[in-house]
$ cat protein.pdb   # PDB, C-alpha atoms
MODEL        1
ATOM      1  CA  MET A 269       9.127  10.303 -21.659
ATOM      2  CA  THR A 270       7.210  13.524 -22.314
ATOM      3  CA  LYS A 271       4.388  14.680 -20.089
ATOM      4  CA  LEU A 272       1.084  14.424 -21.939
ATOM      5  CA  SER A 273      -1.032  17.514 -22.560
ATOM      6  CA  THR A 274      -4.570  17.750 -21.205
ATOM      7  CA  GLU A 275      -5.839  17.061 -24.756
ATOM      8  CA  ASP A 276      -3.657  13.939 -25.015
ATOM      9  CA  ILE A 277      -4.888  12.717 -21.619
ATOM     10  CA  GLU A 278      -8.532  13.330 -22.499
ATOM     11  CA  ALA A 279      -8.072  11.436 -25.767
ATOM     12  CA  ARG A 280      -6.751   8.396 -23.849
ATOM     13  CA  ILE A 281      -8.686   8.303 -20.597
ATOM     14  CA  GLY A 282     -11.991   7.279 -22.229
ATOM     15  CA  ALA A 283     -10.545   3.791 -22.662
ATOM     16  CA  PHE A 284     -10.086   3.550 -18.861
ATOM     17  CA  PRO A 285     -13.567   3.959 -17.381
ATOM     18  CA  ASP A 286     -12.504   2.615 -13.975
ATOM     19  CA  TRP A 287      -9.677   5.144 -13.582
ATOM     20  CA  ALA A 288     -10.024   8.781 -12.570
ATOM     21  CA  ARG A 289      -7.612  11.597 -13.197
ATOM     22  CA  ASN A 290      -6.522  13.215  -9.948
ATOM     23  CA  GLY A 291      -4.254  16.148 -10.755
ATOM     24  CA  GLU A 292      -1.087  14.708 -12.276
ATOM     25  CA  ALA A 293      -2.068  11.081 -11.583
ATOM     26  CA  LEU A 294      -4.412   8.261 -12.625
ATOM     27  CA  VAL A 295      -6.166   6.624  -9.667
ATOM     28  CA  CYS A 296      -8.235   3.444  -9.371
ATOM     29  CA  THR A 297      -9.507   1.481  -6.360
ATOM     30  CA  PHE A 298     -10.020  -2.290  -6.719
ATOM     31  CA  SER A 299     -12.166  -4.230  -4.231
ATOM     32  CA  PHE A 300     -11.710  -7.894  -3.350
ATOM     33  CA  GLU A 301     -13.355 -10.513  -1.202
ATOM     34  CA  ASP A 302     -10.800 -10.185   1.569
ATOM     35  CA  PHE A 303      -7.239  -9.173   2.458
ATOM     36  CA  VAL A 304      -5.657 -12.348   1.052
ATOM     37  CA  ASN A 305      -7.242 -11.774  -2.361
ATOM     38  CA  ALA A 306      -6.249  -8.098  -2.267
ATOM     39  CA  MET A 307      -2.628  -9.120  -1.558
ATOM     40  CA  GLY A 308      -2.707 -11.608  -4.429
ATOM     41  CA  PHE A 309      -3.663  -8.747  -6.748
ATOM     42  CA  VAL A 310      -0.925  -6.513  -5.290
ATOM     43  CA  SER A 311       1.634  -9.248  -5.900
ATOM     44  CA  ARG A 312       0.686  -9.410  -9.593
ATOM     45  CA  VAL A 313       0.670  -5.621  -9.914
ATOM     46  CA  ALA A 314       4.177  -5.638  -8.392
ATOM     47  CA  ASP A 315       5.364  -8.117 -11.040
ATOM     48  CA  LEU A 316       3.892  -5.925 -13.794
ATOM     49  CA  ALA A 317       5.518  -2.840 -12.273
ATOM     50  CA  GLU A 318       8.927  -4.532 -12.407
ATOM     51  CA  GLU A 319       8.329  -5.623 -16.024
ATOM     52  CA  HIS A 320       7.445  -2.042 -16.953
ATOM     53  CA  GLN A 321      10.084  -0.565 -14.635
ATOM     54  CA  HIS A 322       7.334   1.802 -13.610
ATOM     55  CA  HIS A 323       5.937   1.614 -10.090
ATOM     56  CA  PRO A 324       2.531   2.831  -8.949
ATOM     57  CA  ASP A 325       1.885   3.983  -5.411
ATOM     58  CA  ILE A 326      -0.068   1.131  -3.808
ATOM     59  CA  MET A 327      -2.417   1.640  -0.846
ATOM     60  CA  ILE A 328      -3.901  -1.468   0.783
ATOM     61  CA  ARG A 329      -6.820  -1.165   3.224
ATOM     62  CA  TYR A 330      -7.932  -4.697   4.070
ATOM     63  CA  ASN A 331      -9.837  -5.749   0.897
ATOM     64  CA  LYS A 332      -9.342  -2.511  -1.072
ATOM     65  CA  VAL A 333      -6.297  -1.591  -3.156
ATOM     66  CA  THR A 334      -5.823   1.924  -4.522
ATOM     67  CA  LEU A 335      -3.253   2.382  -7.299
ATOM     68  CA  THR A 336      -1.913   5.837  -8.168
ATOM     69  CA  LEU A 337       0.039   6.162 -11.413
ATOM     70  CA  SER A 338       2.201   9.136 -12.332
ATOM     71  CA  THR A 339       5.578   9.678 -13.980
ATOM     72  CA  HIS A 340       7.453  11.671 -11.368
ATOM     73  CA  ASP A 341      10.468  12.298 -13.622
ATOM     74  CA  ALA A 342       8.199  13.965 -16.182
ATOM     75  CA  GLY A 343       6.112  15.820 -13.602
ATOM     76  CA  GLY A 344       2.830  14.313 -14.769
ATOM     77  CA  LEU A 345       1.123  11.638 -16.832
ATOM     78  CA  THR A 346       2.969   9.988 -19.713
ATOM     79  CA  GLU A 347       2.430   7.036 -22.053
ATOM     80  CA  LYS A 348       4.137   4.869 -19.384
ATOM     81  CA  ASP A 349       1.196   5.421 -17.048
ATOM     82  CA  PHE A 350      -1.410   4.496 -19.633
ATOM     83  CA  ALA A 351       0.623   1.443 -20.728
ATOM     84  CA  LEU A 352       0.772   0.165 -17.141
ATOM     85  CA  ALA A 353      -2.924   0.930 -16.517
ATOM     86  CA  ARG A 354      -3.769  -1.035 -19.689
ATOM     87  CA  ASP A 355      -1.867  -4.113 -18.472
ATOM     88  CA  ILE A 356      -3.358  -3.870 -14.983
ATOM     89  CA  ASP A 357      -6.873  -3.607 -16.425
ATOM     90  CA  ALA A 358      -6.234  -6.622 -18.666
ATOM     91  CA  PHE A 359      -5.218  -8.629 -15.616
ATOM     92  CA  ALA A 360      -8.003  -7.278 -13.398
ATOM     93  CA  THR A 361     -10.554  -8.227 -16.068
ATOM     94  CA  ALA A 362      -8.997 -11.667 -16.461
ATOM     95  CA  SER A 363      -9.117 -12.236 -12.715
ATOM     96  CA  LYS A 364     -12.887 -11.622 -12.725
ATOM     97  CA  GLY A 365     -13.470 -14.158 -15.514
TER
ATOM     98  CA  MET B 108     -10.751  -5.397  22.646
ATOM     99  CA  THR B 109     -10.900  -2.176  24.658
ATOM    100  CA  LYS B 110      -9.490   1.084  23.383
ATOM    101  CA  LEU B 111      -6.427   2.065  25.391
ATOM    102  CA  SER B 112      -6.351   5.314  27.344
ATOM    103  CA  THR B 113      -3.731   7.977  26.609
ATOM    104  CA  GLU B 114      -1.909   6.871  29.786
ATOM    105  CA  ASP B 115      -1.916   3.232  28.625
ATOM    106  CA  ILE B 116      -0.613   4.262  25.196
ATOM    107  CA  GLU B 117       2.130   6.434  26.664
ATOM    108  CA  ALA B 118       3.198   3.570  28.929
ATOM    109  CA  ARG B 119       3.595   1.273  25.900
ATOM    110  CA  ILE B 120       4.870   3.491  23.100
ATOM    111  CA  GLY B 121       8.335   3.981  24.617
ATOM    112  CA  ALA B 122       9.165   0.424  23.560
ATOM    113  CA  PHE B 123       8.491   1.394  19.911
ATOM    114  CA  PRO B 124      10.935   4.185  19.112
ATOM    115  CA  ASP B 125      10.416   3.839  15.338
ATOM    116  CA  TRP B 126       6.643   4.273  15.561
ATOM    117  CA  ALA B 127       4.763   7.521  15.999
ATOM    118  CA  ARG B 128       1.281   8.041  17.309
ATOM    119  CA  ASN B 129      -0.898   9.831  14.785
ATOM    120  CA  GLY B 130      -4.310  10.440  16.324
ATOM    121  CA  GLU B 131      -5.924   7.028  16.822
ATOM    122  CA  ALA B 132      -3.151   5.147  14.993
ATOM    123  CA  LEU B 133       0.467   3.982  15.196
ATOM    124  CA  VAL B 134       2.491   4.831  12.086
ATOM    125  CA  CYS B 135       5.929   3.737  10.905
ATOM    126  CA  THR B 136       7.714   4.111   7.542
ATOM    127  CA  PHE B 137      10.297   1.473   6.550
ATOM    128  CA  SER B 138      12.853   2.145   3.801
ATOM    129  CA  PHE B 139      14.432  -0.520   1.578
ATOM    130  CA  GLU B 140      17.007  -0.733  -1.175
ATOM    131  CA  ASP B 141      14.394  -0.917  -3.908
ATOM    132  CA  PHE B 142      10.798  -1.848  -4.769
ATOM    133  CA  VAL B 143      11.449  -5.599  -4.817
ATOM    134  CA  ASN B 144      12.835  -5.537  -1.275
ATOM    135  CA  ALA B 145       9.952  -3.329  -0.134
ATOM    136  CA  MET B 146       7.479  -5.849  -1.591
ATOM    137  CA  GLY B 147       9.266  -8.709   0.172
ATOM    138  CA  PHE B 148       8.721  -6.900   3.463
ATOM    139  CA  VAL B 149       5.058  -6.249   2.622
ATOM    140  CA  SER B 150       4.564  -9.935   1.879
ATOM    141  CA  ARG B 151       5.864 -10.881   5.338
ATOM    142  CA  VAL B 152       3.784  -8.170   7.022
ATOM    143  CA  ALA B 153       0.737  -9.599   5.192
ATOM    144  CA  ASP B 154       1.470 -13.072   6.591
ATOM    145  CA  LEU B 155       1.766 -11.629  10.113
ATOM    146  CA  ALA B 156      -1.472  -9.687   9.633
ATOM    147  CA  GLU B 157      -3.292 -12.898   8.741
ATOM    148  CA  GLU B 158      -1.769 -14.707  11.741
ATOM    149  CA  HIS B 159      -2.948 -11.895  14.032
ATOM    150  CA  GLN B 160      -6.212 -11.449  12.096
ATOM    151  CA  HIS B 161      -5.405  -7.757  12.351
ATOM    152  CA  HIS B 162      -4.562  -5.812   9.192
ATOM    153  CA  PRO B 163      -2.613  -2.594   8.996
ATOM    154  CA  ASP B 164      -3.133  -0.074   6.232
ATOM    155  CA  ILE B 165      -0.116  -0.517   3.945
ATOM    156  CA  MET B 166       1.160   2.270   1.669
ATOM    157  CA  ILE B 167       3.945   1.389  -0.791
ATOM    158  CA  ARG B 168       5.859   4.144  -2.595
ATOM    159  CA  TYR B 169       8.663   2.460  -4.542
ATOM    160  CA  ASN B 170      11.187   1.591  -1.761
ATOM    161  CA  LYS B 171       9.204   2.991   1.179
ATOM    162  CA  VAL B 172       6.436   1.204   3.089
ATOM    163  CA  THR B 173       4.231   3.045   5.565
ATOM    164  CA  LEU B 174       2.195   0.934   7.999
ATOM    165  CA  THR B 175      -0.738   2.422   9.900
ATOM    166  CA  LEU B 176      -2.143   0.384  12.784
ATOM    167  CA  SER B 177      -5.460   1.031  14.463
ATOM    168  CA  THR B 178      -8.353  -1.043  15.776
ATOM    169  CA  HIS B 179     -11.315   0.347  13.875
ATOM    170  CA  ASP B 180     -13.871  -1.717  15.819
ATOM    171  CA  ALA B 181     -12.650  -0.148  19.061
ATOM    172  CA  GLY B 182     -12.278   3.355  17.607
ATOM    173  CA  GLY B 183      -8.613   3.639  18.528
ATOM    174  CA  LEU B 184      -5.470   1.842  19.669
ATOM    175  CA  THR B 185      -5.715  -1.467  21.498
ATOM    176  CA  GLU B 186      -3.359  -4.222  22.640
ATOM    177  CA  LYS B 187      -3.841  -5.801  19.183
ATOM    178  CA  ASP B 188      -2.015  -2.881  17.581
ATOM    179  CA  PHE B 189       0.934  -3.078  19.949
ATOM    180  CA  ALA B 190       1.102  -6.870  19.584
ATOM    181  CA  LEU B 191       1.291  -6.596  15.792
ATOM    182  CA  ALA B 192       3.824  -3.722  15.936
ATOM    183  CA  ARG B 193       5.977  -5.867  18.230
ATOM    184  CA  ASP B 194       6.013  -8.774  15.760
ATOM    185  CA  ILE B 195       6.689  -6.481  12.800
ATOM    186  CA  ASP B 196       9.577  -4.842  14.651
ATOM    187  CA  ALA B 197      11.024  -8.255  15.528
ATOM    188  CA  PHE B 198      10.965  -9.203  11.859
ATOM    189  CA  ALA B 199      12.236  -5.814  10.648
ATOM    190  CA  THR B 200      15.159  -6.063  13.074
ATOM    191  CA  ALA B 201      15.892  -9.614  11.999
ATOM    192  CA  SER B 202      15.882  -8.576   8.348
ATOM    193  CA  LYS B 203      18.619  -5.998   9.045
ATOM    194  CA  GLY B 204      20.864  -8.530  10.808
TER
ENDMDL
END

$ encode --input "protein.pdb" --output "structure tokens"
Amino acid sequence: MTKLSTEDIEARIGAFPDWARNGEALVCTFSFEDFVNAMGFVSRVADLAEEHQHHPDIMIRYNKVTLTLSTHDAGGLTEKDFALARDIDAFATASKG
Amino acid sequence: MTKLSTEDIEARIGAFPDWARNGEALVCTFSFEDFVNAMGFVSRVADLAEEHQHHPDIMIRYNKVTLTLSTHDAGGLTEKDFALARDIDAFATASKG
């Protein structure tokens, strides 16, 4: 996996309006009704992470979950991060429907 | 719940050698074989948190889980934090056995 250039990142990040670039990472905070619902989301993110064999940092504060995606082996953002963000967004959207 | 004094905290914290005081919080990092085992631990901590109706901040970085306990309503550490740390330690010890 090759680290993406700033141009490559800027070309991709428009499709992820809920995510922000923070240095060498993509970051998004999801809010839920309560802790139990937040943990249900974390459980599904964990399953996706295992499928992708790519694991975000996950911070849980009661009903808020912050995911931080980066490819440590590549020293920055790669296609793996955007692929995982895409699948998480698809699920997060589905869970609102 | 009343915020504990520094003397009260110092009298209690000796029983929690794996936990450190960090300002108004108790912090401990647990290490596991891999992400799946870390998530299994988080799932049990989440069940305990619901039982206690007291929810730690939970940070997951692949195989490492950092728990941060504080009683925000009281502005610091209370008996609720030590009670939850005690139950987490009991489980964490059991899971090693």

$ residues_around --input "protein.pdb" --residues "Lys187 of chain B" --least-positions-apart "4" --cutoff "8 Å" --atoms "only C-alpha atoms" --output "PyMOL selection string"
chain B and resi 108+161+178+191

$ resolve_selection --input "protein.pdb" --expression "the PyMOL selection byres ((chain A) within 10 of (chain B))" --output "number ranges by chain"
A: 303-304, 307-308, 310-311, 314-315, 317-318, 321-336

$ calpha_fit_and_write --input "protein.pdb" --fixed "chain A" --moving "chain B" --output "CSV table (one decimal) with C-alpha atoms, keeping the file's coordinate frame"
chain,number,residue,atom,x,y,z
B,108,MET,CA,9.2,10.3,-21.6
B,109,THR,CA,7.2,13.5,-22.3
B,110,LYS,CA,4.4,14.7,-20.1
B,111,LEU,CA,1.1,14.4,-21.9
B,112,SER,CA,-1.0,17.5,-22.6
B,113,THR,CA,-4.6,17.7,-21.2
B,114,GLU,CA,-5.8,17.1,-24.8
B,115,ASP,CA,-3.6,13.9,-25.0
B,116,ILE,CA,-4.9,12.7,-21.6
B,117,GLU,CA,-8.5,13.3,-22.5
B,118,ALA,CA,-8.1,11.4,-25.8
B,119,ARG,CA,-6.7,8.4,-23.9
B,120,ILE,CA,-8.7,8.3,-20.6
B,121,GLY,CA,-12.0,7.3,-22.2
B,122,ALA,CA,-10.5,3.8,-22.7
B,123,PHE,CA,-10.1,3.5,-18.9
B,124,PRO,CA,-13.6,4.0,-17.4
B,125,ASP,CA,-12.5,2.6,-14.0
B,126,TRP,CA,-9.7,5.1,-13.6
B,127,ALA,CA,-10.0,8.8,-12.6
B,128,ARG,CA,-7.6,11.6,-13.2
B,129,ASN,CA,-6.5,13.2,-9.9
B,130,GLY,CA,-4.3,16.1,-10.7
B,131,GLU,CA,-1.1,14.7,-12.3
B,132,ALA,CA,-2.1,11.1,-11.6
B,133,LEU,CA,-4.4,8.3,-12.6
B,134,VAL,CA,-6.2,6.6,-9.7
B,135,CYS,CA,-8.2,3.4,-9.4
B,136,THR,CA,-9.5,1.5,-6.4
B,137,PHE,CA,-10.0,-2.3,-6.7
B,138,SER,CA,-12.2,-4.2,-4.2
B,139,PHE,CA,-11.7,-7.9,-3.3
B,140,GLU,CA,-13.4,-10.5,-1.2
B,141,ASP,CA,-10.8,-10.2,1.6
B,142,PHE,CA,-7.2,-9.2,2.5
B,143,VAL,CA,-5.6,-12.3,1.1
B,144,ASN,CA,-7.2,-11.8,-2.4
B,145,ALA,CA,-6.2,-8.1,-2.3
B,146,MET,CA,-2.6,-9.1,-1.5
B,147,GLY,CA,-2.7,-11.6,-4.4
B,148,PHE,CA,-3.7,-8.7,-6.7
B,149,VAL,CA,-0.9,-6.5,-5.3
B,150,SER,CA,1.6,-9.2,-5.9
B,151,ARG,CA,0.7,-9.4,-9.6
B,152,VAL,CA,0.7,-5.6,-9.9
B,153,ALA,CA,4.2,-5.6,-8.4
B,154,ASP,CA,5.4,-8.1,-11.0
B,155,LEU,CA,3.9,-5.9,-13.8
B,156,ALA,CA,5.5,-2.8,-12.3
B,157,GLU,CA,8.9,-4.5,-12.4
B,158,GLU,CA,8.3,-5.6,-16.0
B,159,HIS,CA,7.4,-2.0,-17.0
B,160,GLN,CA,10.1,-0.6,-14.6
B,161,HIS,CA,7.3,1.8,-13.6
B,162,HIS,CA,5.9,1.6,-10.1
B,163,PRO,CA,2.5,2.8,-9.0
B,164,ASP,CA,1.9,4.0,-5.4
B,165,ILE,CA,-0.1,1.1,-3.8
B,166,MET,CA,-2.4,1.6,-0.8
B,167,ILE,CA,-3.9,-1.5,0.8
B,168,ARG,CA,-6.8,-1.2,3.2
B,169,TYR,CA,-7.9,-4.7,4.1
B,170,ASN,CA,-9.8,-5.7,0.9
B,171,LYS,CA,-9.3,-2.5,-1.1
B,172,VAL,CA,-6.3,-1.6,-3.2
B,173,THR,CA,-5.8,1.9,-4.5
B,174,LEU,CA,-3.3,2.4,-7.3
B,175,THR,CA,-1.9,5.8,-8.2
B,176,LEU,CA,0.0,6.2,-11.4
B,177,SER,CA,2.2,9.1,-12.3
B,178,THR,CA,5.6,9.7,-14.0
B,179,HIS,CA,7.4,11.7,-11.4
B,180,ASP,CA,10.5,12.3,-13.6
B,181,ALA,CA,8.2,14.0,-16.2
B,182,GLY,CA,6.1,15.8,-13.6
B,183,GLY,CA,2.8,14.3,-14.8
B,184,LEU,CA,1.1,11.6,-16.8
B,185,THR,CA,3.0,10.0,-19.7
B,186,GLU,CA,2.4,7.0,-22.1
B,187,LYS,CA,4.1,4.9,-19.4
B,188,ASP,CA,1.2,5.4,-17.1
B,189,PHE,CA,-1.4,4.5,-19.7
B,190,ALA,CA,0.6,1.4,-20.7
B,191,LEU,CA,0.8,0.2,-17.1
B,192,ALA,CA,-2.9,0.9,-16.5
B,193,ARG,CA,-3.8,-1.0,-19.7
B,194,ASP,CA,-1.9,-4.1,-18.5
B,195,ILE,CA,-3.3,-3.9,-15.0
B,196,ASP,CA,-6.9,-3.6,-16.4
B,197,ALA,CA,-6.2,-6.6,-18.6
B,198,PHE,CA,-5.2,-8.6,-15.6
B,199,ALA,CA,-8.0,-7.3,-13.4
B,200,THR,CA,-10.6,-8.2,-16.1
B,201,ALA,CA,-9.0,-11.7,-16.5
B,202,SER,CA,-9.2,-12.2,-12.7
B,203,LYS,CA,-12.9,-11.6,-12.7
B,204,GLY,CA,-13.6,-14.1,-15.5

$ atom_distance --input "protein.pdb" --atom1 "atom CA of Ser273 of chain A" --atom2 "atom CA of Leu345 of chain A"
8.5 Å

$ atom_distance --input "protein.pdb" --atom1 "atom CA of Thr113 of chain B" --atom2 "atom CA of Arg193 of chain B"
18.9 Å

$ atom_distance --input "protein.pdb" --atom1 "atom CA of Leu133 of chain B" --atom2 "atom CA of Gly291 of chain A"
29.0 Å

$ resolve_selection --input "protein.pdb" --expression "the PyMOL selection byres ((chain B and resi 126) around 12)" --output "number ranges by chain"
B: 119-125, 127-129, 132-137, 173-176, 188-189, 192-193, 195-196

$ write_last_selection --input "protein.pdb" --atoms "C-alpha atoms" --output "mmCIF file, in the coordinates of the input"
data_model
loop_
_atom_site.group_PDB
_atom_site.id
_atom_site.type_symbol
_atom_site.label_atom_id
_atom_site.label_comp_id
_atom_site.auth_asym_id
_atom_site.auth_seq_id
_atom_site.Cartn_x
_atom_site.Cartn_y
_atom_site.Cartn_z
ATOM 1 C CA ARG B 119 3.595 1.273 25.900
ATOM 2 C CA ILE B 120 4.870 3.491 23.100
ATOM 3 C CA GLY B 121 8.335 3.981 24.617
ATOM 4 C CA ALA B 122 9.165 0.424 23.560
ATOM 5 C CA PHE B 123 8.491 1.394 19.911
ATOM 6 C CA PRO B 124 10.935 4.185 19.112
ATOM 7 C CA ASP B 125 10.416 3.839 15.338
ATOM 8 C CA ALA B 127 4.763 7.521 15.999
ATOM 9 C CA ARG B 128 1.281 8.041 17.309
ATOM 10 C CA ASN B 129 -0.898 9.831 14.785
ATOM 11 C CA ALA B 132 -3.151 5.147 14.993
ATOM 12 C CA LEU B 133 0.467 3.982 15.196
ATOM 13 C CA VAL B 134 2.491 4.831 12.086
ATOM 14 C CA CYS B 135 5.929 3.737 10.905
ATOM 15 C CA THR B 136 7.714 4.111 7.542
ATOM 16 C CA PHE B 137 10.297 1.473 6.550
ATOM 17 C CA THR B 173 4.231 3.045 5.565
ATOM 18 C CA LEU B 174 2.195 0.934 7.999
ATOM 19 C CA THR B 175 -0.738 2.422 9.900
ATOM 20 C CA LEU B 176 -2.143 0.384 12.784
ATOM 21 C CA ASP B 188 -2.015 -2.881 17.581
ATOM 22 C CA PHE B 189 0.934 -3.078 19.949
ATOM 23 C CA ALA B 192 3.824 -3.722 15.936
ATOM 24 C CA ARG B 193 5.977 -5.867 18.230
ATOM 25 C CA ILE B 195 6.689 -6.481 12.800
ATOM 26 C CA ASP B 196 9.577 -4.842 14.651
#

$ closest_residue --input "protein.pdb" --among "A:Thr346, A:Glu292, A:His340, A:Arg312" --to "Leu272 of chain A" --atoms "all atoms listed in the file"
A:Thr346

$ axis_aligned_box --input "protein.pdb" --around "segment 343-347 of chain A" --padding-each-side "8 Å" --output "AutoDock Vina command-line options"
--center_x 3.6 --center_y 11.4 --center_z -17.8 --size_x 21.0 --size_y 24.8 --size_z 24.5

$ build_atoms --input "protein.pdb" --residues "segment 332-357 of chain A" --atoms "N, CA and C atoms" --output "CSV table (one decimal), in the coordinates of the input"
chain,number,residue,atom,x,y,z
A,332,LYS,N,-9.3,-3.5,0.0
A,332,LYS,CA,-9.3,-2.5,-1.1
A,332,LYS,C,-7.9,-2.1,-1.4
A,333,VAL,N,-7.6,-2.0,-2.7
A,333,VAL,CA,-6.3,-1.6,-3.2
A,333,VAL,C,-6.5,-0.4,-4.1
A,334,THR,N,-5.8,0.7,-3.7
A,334,THR,CA,-5.8,1.9,-4.5
A,334,THR,C,-4.5,2.1,-5.2
A,335,LEU,N,-4.5,2.2,-6.5
A,335,LEU,CA,-3.3,2.4,-7.3
A,335,LEU,C,-3.2,3.8,-7.8
A,336,THR,N,-2.1,4.5,-7.7
A,336,THR,CA,-1.9,5.8,-8.2
A,336,THR,C,-0.7,5.9,-9.1
A,337,LEU,N,-1.0,6.2,-10.4
A,337,LEU,CA,0.0,6.2,-11.4
A,337,LEU,C,0.4,7.6,-11.8
A,338,SER,N,1.7,7.9,-11.8
A,338,SER,CA,2.2,9.1,-12.3
A,338,SER,C,3.7,8.9,-12.7
A,339,THR,N,4.2,9.8,-13.6
A,339,THR,CA,5.6,9.7,-14.0
A,339,THR,C,6.3,10.9,-13.3
A,340,HIS,N,6.9,10.6,-12.2
A,340,HIS,CA,7.5,11.7,-11.4
A,340,HIS,C,8.6,12.4,-12.1
A,341,ASP,N,9.4,11.7,-12.9
A,341,ASP,CA,10.5,12.3,-13.6
A,341,ASP,C,10.0,13.3,-14.6
A,342,ALA,N,8.8,13.1,-15.2
A,342,ALA,CA,8.2,14.0,-16.2
A,342,ALA,C,7.3,15.0,-15.6
A,343,GLY,N,7.0,14.9,-14.3
A,343,GLY,CA,6.1,15.8,-13.6
A,343,GLY,C,4.6,15.7,-14.0
A,344,GLY,N,4.2,14.5,-14.4
A,344,GLY,CA,2.8,14.3,-14.8
A,344,GLY,C,2.6,13.0,-15.4
A,345,LEU,N,1.5,12.9,-16.2
A,345,LEU,CA,1.1,11.6,-16.8
A,345,LEU,C,1.8,11.5,-18.2
A,346,THR,N,2.3,10.3,-18.4
A,346,THR,CA,3.0,10.0,-19.7
A,346,THR,C,2.4,8.7,-20.3
A,347,GLU,N,2.9,8.3,-21.5
A,347,GLU,CA,2.4,7.0,-22.1
A,347,GLU,C,2.7,5.9,-21.1
A,348,LYS,N,3.8,6.0,-20.3
A,348,LYS,CA,4.1,4.9,-19.4
A,348,LYS,C,3.0,4.6,-18.4
A,349,ASP,N,2.3,5.6,-18.0
A,349,ASP,CA,1.2,5.4,-17.0
A,349,ASP,C,0.0,4.7,-17.7
A,350,PHE,N,-0.3,5.1,-18.9
A,350,PHE,CA,-1.4,4.5,-19.6
A,350,PHE,C,-1.1,3.1,-20.0
A,351,ALA,N,0.2,2.8,-20.4
A,351,ALA,CA,0.6,1.4,-20.7
A,351,ALA,C,0.5,0.5,-19.5
A,352,LEU,N,0.9,1.0,-18.3
A,352,LEU,CA,0.8,0.2,-17.1
A,352,LEU,C,-0.7,0.0,-16.8
A,353,ALA,N,-1.5,1.0,-16.8
A,353,ALA,CA,-2.9,0.9,-16.5
A,353,ALA,C,-3.6,-0.1,-17.4
A,354,ARG,N,-3.2,-0.1,-18.7
A,354,ARG,CA,-3.8,-1.0,-19.7
A,354,ARG,C,-3.5,-2.5,-19.3
A,355,ASP,N,-2.2,-2.7,-18.9
A,355,ASP,CA,-1.9,-4.1,-18.5
A,355,ASP,C,-2.5,-4.5,-17.2
A,356,ILE,N,-2.7,-3.6,-16.2
A,356,ILE,CA,-3.4,-3.9,-15.0
A,356,ILE,C,-4.8,-4.2,-15.3
A,357,ASP,N,-5.5,-3.4,-16.1
A,357,ASP,CA,-6.9,-3.6,-16.4
A,357,ASP,C,-7.1,-5.0,-17.1
